[in-house]
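All remarks here apply to the structure that follows.
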Amino acid sequence: MKNNFTFLLIFFFLTHFAVAQEGVEKWIKGQVSSDGIPLEGINITNATTKVMVVSDSYGAFTILVKVGDILNFSAVNYEDLRKYINIQEFKMGNIVVDLTPKSIELKEVIINEHSEISAENLGIIPRDQVKLTSQERKLQTAGDFKPVHLLGLLGGMLAVDPILNAINGRTAMLKKTVTVEKKEFLMAKMEVLFEDKYYIETLKIPEEYIKGFQYYCIEDQDFARSLKDKNKTMSMFLIVGLASSFNKNRQSDVENH
């Protein structure tokens with residue numbers, strides 16, 4: 001009987017404590033990330049009070065809650081998440097949230113909707129001929145870019161040309177032109193993939209630095225590969241870290257000058 005009374009007393013105390021906690025509000029700290037990477041610019045809204053805060057560059061935020069409140073986490077590039085605040089988290093005053101990136105394929109710019117009409121189908125060029133850009137064709141003529149089957153066709157006609165180009169530097173110039181052409185292609189993909197609003201509001205890149213940041217991104221081999229592979233999820237994952245690095249370097253330059 002004594003043991004039952006003690007149990008009931010403890011149960012009553014814990015129940016009373018839990019009910020008392022439910023009506024109390026306090027500030028708690030949180031950290032939001034994705035695969036271990038802190039996320040900046042995530043909107044966190046208390047569904048009960050309608051109060052909204054935004055995570056900082058370290059993914060950290062502070063918000064006023066009580067037990068039982070539901071926090072809504074939302075961002076353009078991540079799946080929405082609803083988080084229930086339980087008693088344990090309320091007592092500790094800390095929560096950690098991990099968001100999942102949205103899987104969105106890169107937009108494709110359709111230049112010719114009638115893809116069945118091509119030079120190969122019309123018999124103008126062989127079906128197995130390598131397609132080159134205009135600058136790559138010039139570099140091929142200069143003797144440095146040599147697809148195997150075309151080399152046999154050109155034969156001795158190009159044998160003298162590389163020697164002359166080595167003298168006047170034309171080959172080196174054309175190599176640089178091909179590199180620039182490839183970077184312009186990546187830049188065009190970035191302009192389709194991300195709007196200026198995303199750079200300014202989410203990545204915190206000032207509008208006048210957007211173009212410079214885009215060039216900064218395509219110099220990164222992993223990011224350039226994600227663009228070529230049309231892997232938007234990886235591009236969005238990498239660009240957050242690149243933006244953080246770019247902003248730190250930019251701030252350092254400002255302070256040094």
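Chain labels A, B, ... are given in the sequence in which chains occur in the structure tokens; within each chain residues are numbered consecutively from 1, and ligands are likewise numbered from 1 in the order shown.
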
Worksheet item: Within 8 Å of Leu186 in chain A, counting only C-alpha atoms, which residues qualify if same-chain residues fewer than 3 places away don't, as a VMD selection string?
Response: chain A and resid 182 to 183 189 to 190 218 224 227 to 228

Worksheet item: Can you tell me, as a PyMOL selection string, what residues are no more than 8 Å from Arg82 in chain A when counting only C-alpha atoms, ignoring any on the same chain fewer than 6 positions away?
Response: chain A and resi 70-73

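The nearest approach to Thr45 in chain A among the residues A:Ile87, A:Val24, A:Ala60, A:Leu81, with only C-alpha atoms taken into account, belongs to A:Leu81.
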
Fill in: Spatial neighbours of range 197-203 of chain A, max dist 7 Å, only C-alpha atoms, sep filter under 4 positions, as number ranges by chain
A: 40-41, 207, 210, 240, 243

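One distance worth recording is that between CA of Leu99 in chain A and CA of Ser34 in chain A, which is 5.1 Å.
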